[in-house]
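Source file: upload16.txt; contents: compact mmCIF, C-alpha atoms and all ligand atoms.
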```txt
# COMPACT_ATOMS: atom_id res chain seq x y z
CA MET A 1 7.09 -18.70 10.83
CA ASP A 2 7.07 -19.87 7.23
CA GLU A 3 10.14 -18.17 5.77
CA LYS A 4 9.28 -17.76 2.11
CA PRO A 5 10.21 -14.80 -0.08
CA LEU A 6 7.07 -12.86 -0.91
CA ILE A 7 8.70 -10.24 -3.12
CA GLU A 8 12.03 -10.32 -4.88
CA LEU A 9 13.55 -7.40 -6.76
CA ALA A 10 16.64 -7.96 -8.86
CA GLU A 11 18.36 -4.87 -10.23
CA VAL A 12 15.08 -3.01 -10.64
CA THR A 13 15.47 0.34 -12.37
CA LYS A 14 12.69 2.84 -12.99
CA VAL A 15 13.29 5.76 -15.31
CA TYR A 16 10.72 8.50 -15.81
CA SER A 17 11.18 10.18 -19.17
CA LEU A 18 10.39 13.86 -19.04
CA PRO A 19 10.84 16.58 -21.68
CA SER A 20 13.58 18.02 -19.47
CA GLY A 21 15.39 14.67 -19.47
CA ASP A 22 15.30 11.27 -17.82
CA VAL A 23 14.80 10.89 -14.07
CA VAL A 24 16.26 7.70 -12.61
CA ALA A 25 13.83 7.23 -9.72
CA LEU A 26 15.05 3.69 -8.89
CA ASP A 27 18.60 2.68 -9.65
CA ARG A 28 19.26 -1.09 -9.75
CA VAL A 29 17.46 -1.94 -6.52
CA SER A 30 17.77 -5.53 -5.32
CA LEU A 31 15.68 -6.50 -2.34
CA THR A 32 13.95 -9.52 -0.84
CA ILE A 33 10.90 -9.26 1.39
CA MET A 34 9.96 -12.41 3.29
CA GLU A 35 6.40 -13.39 4.13
CA GLY A 36 5.33 -11.91 7.45
CA GLU A 37 7.84 -9.06 7.51
CA PHE A 38 7.03 -5.55 8.74
CA VAL A 39 9.37 -3.14 6.95
CA ALA A 40 9.71 0.64 7.15
CA ILE A 41 11.06 2.52 4.13
CA MET A 42 12.72 5.82 4.99
CA GLY A 43 14.78 8.41 3.14
CA PRO A 44 14.66 12.02 1.96
CA SER A 45 11.94 13.46 -0.25
CA GLY A 46 12.50 12.45 -3.87
CA SER A 47 14.70 9.45 -2.97
CA GLY A 48 12.31 7.01 -4.67
CA LYS A 49 10.21 5.65 -1.80
CA SER A 50 6.81 5.99 -3.49
CA THR A 51 8.28 4.75 -6.77
CA LEU A 52 9.56 1.66 -4.96
CA LEU A 53 6.17 1.06 -3.36
CA ASN A 54 4.46 1.39 -6.77
CA GLN A 55 6.79 -1.27 -8.13
CA LEU A 56 6.17 -3.57 -5.17
CA GLY A 57 2.44 -3.09 -5.67
CA CYS A 58 2.68 -3.91 -9.39
CA LEU A 59 1.09 -0.57 -10.19
CA ASP A 60 3.88 0.04 -12.63
CA ARG A 61 6.42 -2.13 -14.43
CA PRO A 62 10.20 -1.76 -14.06
CA THR A 63 12.11 -0.07 -16.86
CA SER A 64 14.62 -2.88 -16.41
CA GLY A 65 15.30 -5.61 -13.89
CA ASP A 66 13.03 -8.31 -12.48
CA LEU A 67 10.24 -8.23 -9.94
CA SER A 68 8.80 -11.47 -8.59
CA LEU A 69 5.74 -11.77 -6.41
CA LEU A 70 4.86 -15.08 -4.78
CA GLY A 71 7.55 -16.72 -6.89
CA ARG A 72 6.18 -15.46 -10.20
CA ASN A 73 8.17 -13.05 -12.34
CA THR A 74 5.79 -10.20 -13.18
CA ARG A 75 7.49 -9.90 -16.56
CA ASP A 76 5.77 -13.16 -17.54
CA MET A 77 2.34 -11.87 -16.55
CA ASN A 78 -0.03 -9.83 -18.70
CA ASP A 79 -1.89 -6.78 -17.41
CA ARG A 80 -5.02 -8.79 -16.66
CA GLU A 81 -3.08 -11.29 -14.52
CA LEU A 82 -1.33 -8.44 -12.71
CA THR A 83 -4.66 -6.75 -11.97
CA ASP A 84 -6.07 -9.99 -10.54
CA LEU A 85 -2.95 -10.51 -8.45
CA ARG A 86 -3.24 -6.97 -7.10
CA LEU A 87 -6.91 -7.32 -6.28
CA ASN A 88 -6.45 -10.63 -4.50
CA THR A 89 -3.24 -10.12 -2.59
CA ILE A 90 -2.35 -6.45 -2.18
CA GLY A 91 -3.84 -3.60 -0.17
CA TYR A 92 -2.53 -0.13 -0.92
CA ILE A 93 -2.71 3.04 1.16
CA PHE A 94 -1.60 5.86 -1.13
CA GLN A 95 0.31 8.95 -0.05
CA LYS A 96 -2.50 11.08 -1.48
CA PHE A 97 -5.29 8.60 -0.53
CA ASN A 98 -6.59 8.30 -4.12
CA LEU A 99 -10.19 8.03 -2.93
CA ILE A 100 -12.84 8.37 -5.62
CA PRO A 101 -14.33 11.86 -5.07
CA LEU A 102 -17.84 11.09 -6.38
CA LEU A 103 -18.35 8.02 -4.20
CA THR A 104 -19.21 8.14 -0.50
CA ALA A 105 -16.69 6.93 2.09
CA TYR A 106 -18.71 3.70 2.36
CA GLU A 107 -18.70 3.18 -1.41
CA ASN A 108 -14.97 3.88 -1.59
CA VAL A 109 -14.27 1.10 0.91
CA GLU A 110 -16.68 -1.25 -0.85
CA TYR A 111 -15.23 -0.62 -4.30
CA PRO A 112 -12.37 -3.20 -4.28
CA TYR A 113 -14.83 -5.73 -2.79
CA LEU A 114 -17.17 -5.14 -5.76
CA MET A 115 -14.28 -5.52 -8.18
CA LYS A 116 -13.28 -8.82 -6.62
CA HIS A 117 -16.64 -10.42 -5.81
CA ARG A 118 -18.79 -8.80 -8.51
CA LYS A 119 -21.49 -8.06 -5.92
CA THR A 120 -22.12 -5.62 -3.08
CA ASP A 121 -20.97 -6.47 0.43
CA ASP A 122 -23.75 -8.28 2.29
CA THR A 123 -21.41 -9.50 5.04
CA GLY A 124 -21.14 -6.23 6.98
CA ARG A 125 -17.40 -6.11 6.37
CA VAL A 126 -17.44 -2.54 5.05
CA ASP A 127 -19.29 -1.35 8.16
CA SER A 128 -17.05 -3.19 10.55
CA LEU A 129 -13.86 -1.86 8.91
CA LEU A 130 -15.21 1.69 8.94
CA GLY A 131 -16.03 1.20 12.62
CA LEU A 132 -12.52 -0.07 13.25
CA VAL A 133 -10.96 3.09 11.81
CA GLY A 134 -13.43 5.32 13.63
CA ILE A 135 -15.65 6.44 10.76
CA ASP A 136 -19.28 6.54 11.92
CA ARG A 137 -22.38 6.06 9.74
CA VAL A 138 -22.89 9.76 9.10
CA MET A 139 -19.28 10.27 8.04
CA ALA A 140 -19.50 7.12 5.91
CA SER A 141 -22.23 8.77 3.84
CA HIS A 142 -19.96 11.74 3.02
CA THR A 143 -17.82 12.01 -0.07
CA PRO A 144 -14.05 12.50 0.36
CA PRO A 145 -14.12 16.29 -0.33
CA GLU A 146 -16.51 16.56 2.64
CA LEU A 147 -14.06 14.80 4.97
CA SER A 148 -10.92 16.06 6.72
CA GLY A 149 -7.49 14.80 5.66
CA GLY A 150 -7.28 12.51 8.67
CA GLN A 151 -10.77 11.10 8.02
CA GLN A 152 -9.89 10.45 4.37
CA GLN A 153 -6.73 8.70 5.48
CA ARG A 154 -8.74 6.41 7.77
CA VAL A 155 -11.17 5.61 4.94
CA ALA A 156 -8.14 4.77 2.78
CA VAL A 157 -6.91 2.37 5.48
CA ALA A 158 -10.31 0.63 5.59
CA ARG A 159 -10.36 0.38 1.80
CA ALA A 160 -6.88 -1.20 1.76
CA LEU A 161 -8.07 -3.91 4.16
CA ILE A 162 -11.41 -4.77 2.54
CA ASN A 163 -10.18 -7.81 0.58
CA ASP A 164 -8.01 -9.01 3.49
CA PRO A 165 -4.74 -8.69 1.54
CA MET A 166 -1.69 -10.74 2.49
CA LEU A 167 0.50 -7.76 1.55
CA LEU A 168 -0.17 -4.24 2.71
CA LEU A 169 1.70 -1.31 1.16
CA CYS A 170 1.37 1.98 3.00
CA ASP A 171 2.73 5.33 1.85
CA GLU A 172 2.84 7.60 4.91
CA PRO A 173 -0.18 5.91 6.55
CA THR A 174 -0.10 8.35 9.46
CA GLY A 175 1.06 11.43 7.52
CA ASN A 176 -2.20 13.34 7.99
CA LEU A 177 -3.15 12.10 11.43
CA ASP A 178 -2.54 13.56 14.87
CA SER A 179 -0.46 11.45 17.21
CA VAL A 180 -3.45 9.73 18.88
CA ASN A 181 -5.04 8.69 15.58
CA GLY A 182 -1.63 7.85 14.15
CA HIS A 183 -0.94 5.59 17.10
CA GLN A 184 -4.29 3.83 16.60
CA ILE A 185 -3.55 3.15 12.94
CA MET A 186 -0.10 1.84 13.83
CA GLU A 187 -1.56 -0.47 16.47
CA MET A 188 -3.97 -1.76 13.84
CA LEU A 189 -1.14 -2.42 11.38
CA THR A 190 0.92 -4.13 14.10
CA GLU A 191 -2.01 -6.41 14.90
CA LEU A 192 -2.42 -7.30 11.21
CA ASN A 193 1.28 -8.10 11.02
CA ARG A 194 0.93 -10.34 14.09
CA LYS A 195 -1.77 -12.20 12.19
CA GLY A 196 0.74 -12.89 9.42
CA ARG A 197 0.20 -10.03 7.00
CA THR A 198 3.32 -8.63 5.35
CA ILE A 199 3.56 -4.86 5.66
CA LEU A 200 5.75 -2.33 3.90
CA MET A 201 5.37 1.21 5.03
CA VAL A 202 6.94 4.46 3.86
CA THR A 203 7.39 6.99 6.65
CA HIS A 204 9.35 10.12 7.47
CA ASP A 205 8.67 9.64 11.17
CA PRO A 206 11.26 7.67 13.20
CA GLU A 207 8.61 7.05 15.89
CA VAL A 208 6.36 5.40 13.32
CA ALA A 209 9.30 3.42 11.88
CA LYS A 210 9.85 1.89 15.33
CA TYR A 211 6.73 -0.23 14.83
CA ALA A 212 8.46 -2.04 11.98
CA ARG A 213 11.01 -4.79 12.54
CA ARG A 214 13.29 -3.79 9.69
CA THR A 215 14.08 -0.39 8.19
CA ILE A 216 15.24 0.20 4.63
CA VAL A 217 16.83 3.56 3.88
CA MET A 218 16.72 5.00 0.37
CA ARG A 219 18.90 7.69 -1.13
CA ASP A 220 18.97 8.85 -4.76
CA GLY A 221 16.98 5.85 -5.97
CA ARG A 222 19.15 3.29 -4.23
CA VAL A 223 18.73 1.22 -1.10
CA THR A 224 21.65 2.22 1.12
N1 LIG B 301 5.13 10.18 -12.41
C1 LIG B 301 6.35 10.73 -12.40
N2 LIG B 301 6.85 11.32 -13.51
C2 LIG B 301 8.09 11.85 -13.52
N3 LIG B 301 8.93 11.85 -12.46
C3 LIG B 301 8.48 11.28 -11.33
C4 LIG B 301 7.18 10.70 -11.23
N4 LIG B 301 7.02 10.21 -9.98
C5 LIG B 301 8.17 10.49 -9.33
N5 LIG B 301 9.05 11.13 -10.13
C6 LIG B 301 10.42 11.53 -9.76
O1 LIG B 301 11.10 10.39 -9.27
C7 LIG B 301 11.87 10.72 -8.13
C8 LIG B 301 11.42 9.87 -6.94
O2 LIG B 301 10.09 10.25 -6.59
P1 LIG B 301 9.24 9.55 -5.44
O3 LIG B 301 7.86 10.05 -5.54
O4 LIG B 301 9.45 8.08 -5.54
O5 LIG B 301 9.99 10.11 -4.13
P2 LIG B 301 9.63 9.91 -2.59
O6 LIG B 301 10.84 9.35 -1.94
O7 LIG B 301 8.36 9.16 -2.45
O8 LIG B 301 9.44 11.41 -2.09
P3 LIG B 301 8.42 12.04 -0.99
O9 LIG B 301 9.03 11.71 0.35
O10 LIG B 301 8.46 13.50 -1.27
O11 LIG B 301 7.07 11.44 -1.18
C9 LIG B 301 11.72 12.22 -7.93
O12 LIG B 301 12.82 12.85 -8.54
C10 LIG B 301 10.43 12.56 -8.66
O13 LIG B 301 10.46 13.86 -9.14
MG MG B 302 6.48 9.66 -1.79
```
Here is the file; what I need is its structure written in the form of structure tokens.
Amino acid sequence: MDEKPLIELAEVTKVYSLPSGDVVALDRVSLTIMEGEFVAIMGPSGSGKSTLLNQLGCLDRPTSGDLSLLGRNTRDMNDRELTDLRLNTIGYIFQKFNLIPLLTAYENVEYPYLMKHRKTDDTGRVDSLLGLVGIDRVMASHTPPELSGGQQQRVAVARALINDPMLLLCDEPTGNLDSVNGHQIMEMLTELNRKGRTILMVTHDPEVAKYARRTIVMRDGRVT
């Protein structure tokens, strides 16, 4: 496989400033992720896993330190360039799904496609992805509040895949699924990784982490 660094973090620190004081959520994290890797991120609640994923996904900028994606330092990119990079290369499955409550499941999945292509999907890709995650046509016409947690999670998976991202970031992708559905999602992620997609996945579940080929453990904002 082509062994190129996809993401490089050098001494990345993220501080949240709160009225009660500063919270150092990431403390000088240095990390390299190669193209094609499948990495699990584990660690106790509050150790900085979601914060790390947000940095990797360029959803937020480091307080200090450097983050490079595809060889480009994100410090040298403006917000517009970062947004384009995100839209074209990254799929994100959020811990809390972040589906848009007023849109149907179908429209939620189509949304990043619209943002990228500036037109609705006439290729059937939305339908086929919804089929893949087991959301039928009736469910697809429901809005997220009308769906169960597991169904919302599967819609979020389909949405993350709509633009065929080379990098997939997943925050507890199976957290709200029973073991059968969780297994299906993990098989799907494994297959995507086999096809060359890079995957980083936060999980509390050692069984889920076994699907990954490398595990990173976080503690108190540091990679141990
Ligand atoms: N938006 C925010 N504003 C202020 N503090 C935050 C914010 N997001 C996270 N934190 C703090 O940063 C630290 C790391 O949080 P983070 O969400 O990254 O943990 P986590 O490892 O994902 O935990 P969990 O397993 O519970 O999801 C925590 O102390 C948290 O309270
Ligand atoms: Mg989290």
Please produce, as JSON lines, a per-residue contact table for chain A versus ligand MG 302 (chain B) (criterion: any atom at most 7 Å away, only C-alpha atoms and all ligand atoms considered), showing the nearest atom pair and its distance in Å to one decimal, sorted by chain then residue number.
```
{"residue": "A:Ser45", "atom": "CA", "partner": "B:MG302", "partner_atom": "MG", "distance": 6.8}
{"residue": "A:Gly46", "atom": "CA", "partner": "B:MG302", "partner_atom": "MG", "distance": 7.0}
{"residue": "A:Lys49", "atom": "CA", "partner": "B:MG302", "partner_atom": "MG", "distance": 5.5}
{"residue": "A:Ser50", "atom": "CA", "partner": "B:MG302", "partner_atom": "MG", "distance": 4.1}
{"residue": "A:Gln95", "atom": "CA", "partner": "B:MG302", "partner_atom": "MG", "distance": 6.4}
{"residue": "A:Asp171", "atom": "CA", "partner": "B:MG302", "partner_atom": "MG", "distance": 6.8}
```
Residue selection dump (C-alpha atoms) as a short mmCIF file (atom, residue, chain, number, x, y, z; two decimals), in the coordinates of the input:
```
data_model
loop_
_atom_site.label_atom_id
_atom_site.label_comp_id
_atom_site.auth_asym_id
_atom_site.auth_seq_id
_atom_site.Cartn_x
_atom_site.Cartn_y
_atom_site.Cartn_z
CA SER A 45 11.94 13.46 -0.25
CA GLY A 46 12.50 12.45 -3.87
CA LYS A 49 10.21 5.65 -1.80
CA SER A 50 6.81 5.99 -3.49
CA GLN A 95 0.31 8.95 -0.05
CA ASP A 171 2.73 5.33 1.85
#
```
I need the residue nearest ligand LIG 301 (chain B) from this list: A:Leu189, A:Val23, A:Leu6, A:Val109. Use only C-alpha atoms and all ligand atoms for the distance.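 Among A:Leu189, A:Val23, A:Leu6, A:Val109, it is A:Val23 that comes nearest to ligand LIG 301 (chain B).
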Could you give me, as number ranges by chain, every polymer residue with an atom at most 7 Å away from an atom of ligand LIG 301 (chain B), counting all atoms listed in the file? A: 16-18, 23-25, 43-52, 221
Give the answer as one residue: which of A:Lys96, A:Arg86, A:Lys4, A:His204 has the shortest atom-to-atom distance to A:Glu37, using only C-alpha atoms?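 Residue with the minimum atom-to-atom distance to A:Glu37: A:Lys4.
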So which residues touch A:Arg28 within 8 Å, counting only C-alpha atoms, skipping near sequence neighbours fewer than 3 positions away, as an MDAnalysis selection string? chainID A and resid 10:13 65 222
Residue selection dump (C-alpha atoms) as a compact mmCIF listing (two decimals), in the coordinates of the input:
```txt
# COMPACT_ATOMS: atom_id res chain seq x y z
CA ALA A 10 16.64 -7.96 -8.86
CA GLU A 11 18.36 -4.87 -10.23
CA VAL A 12 15.08 -3.01 -10.64
CA THR A 13 15.47 0.34 -12.37
CA GLY A 65 15.30 -5.61 -13.89
CA ARG A 222 19.15 3.29 -4.23
```
Report, in Å with one decimal, the straight-line distance from atom CA of A:Gly57 to atom CA of A:Thr174.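 Result for atom CA of A:Gly57 versus atom CA of A:Thr174: 19.1 Å, one decimal.
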Mind listing whatever residues come within 12 Å of the point (3.1, 14.5, 6.8)? Use all atoms listed in the file, file coordinates, and give them as a list in words.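 Output: Ser45, Gln95, Lys96, Gly149, Gly150, Gln153, Asp171, Glu172, Pro173, Thr174, Gly175, Asn176, Leu177, Asp178, Ser179, Gly182, Val202, Thr203, His204, Asp205 and Val208 of chain A.
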Residue nearest A:Gly71 among A:Ile33, A:Leu161, A:Ala105, A:Leu114 (counting all atoms listed in the file):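 Ranking A:Ile33, A:Leu161, A:Ala105, A:Leu114 by distance to A:Gly71, first place goes to A:Ile33.
When all atoms listed in the file are used to compute distances to A:Val157, the closest of the residues A:Leu67, A:Ala140, A:Leu169, A:Cys58 turns out to be A:Leu169.
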Check the smallest atom-to-atom distance from each of A:Thr83, A:Asn78, A:Ser64, A:Gln152 to A:Asn98 using only C-alpha atoms, then report the winner.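 Among the listed residues, the smallest separation from A:Asn98 belongs to A:Gln152.
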Among the residues A:Ile216, A:Ile7, A:Ile162, A:Met42, the one that comes closest to A:Ile93 [using all atoms listed in the file]: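 Smallest distance to A:Ile93 is found for A:Ile162.
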Distance of atom CA of A:Leu167 from atom CA of A:Glu107, expressed in Å to one decimal place: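 That distance, rounded to one decimal, is 22.3 Å.
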How big is the axis-aligned box around the listed atoms of stretch 34-37 of chain A once 3 Å is added on each side, and where is its centre? Give both in Å to one decimal, as lines of an AutoDock Vina configuration file.
```
center_x = 7.6
center_y = -11.2
center_z = 5.4
size_x = 10.6
size_y = 10.3
size_z = 10.2
```
If you measure from atom CA of A:Met115 to atom CA of A:Tyr92, what distance in Å do you get, rounded to one decimal? 14.8 Å
Pick out the residues sitting within 10 Å of A:Tyr113, and hand them over as an NGL selection string; count all atoms listed in the file, and ignore anything fewer than 4 positions along from it in its own chain. :A and (87-88 or 107-109 or 117-121 or 125-126 or 159 or 161-164)
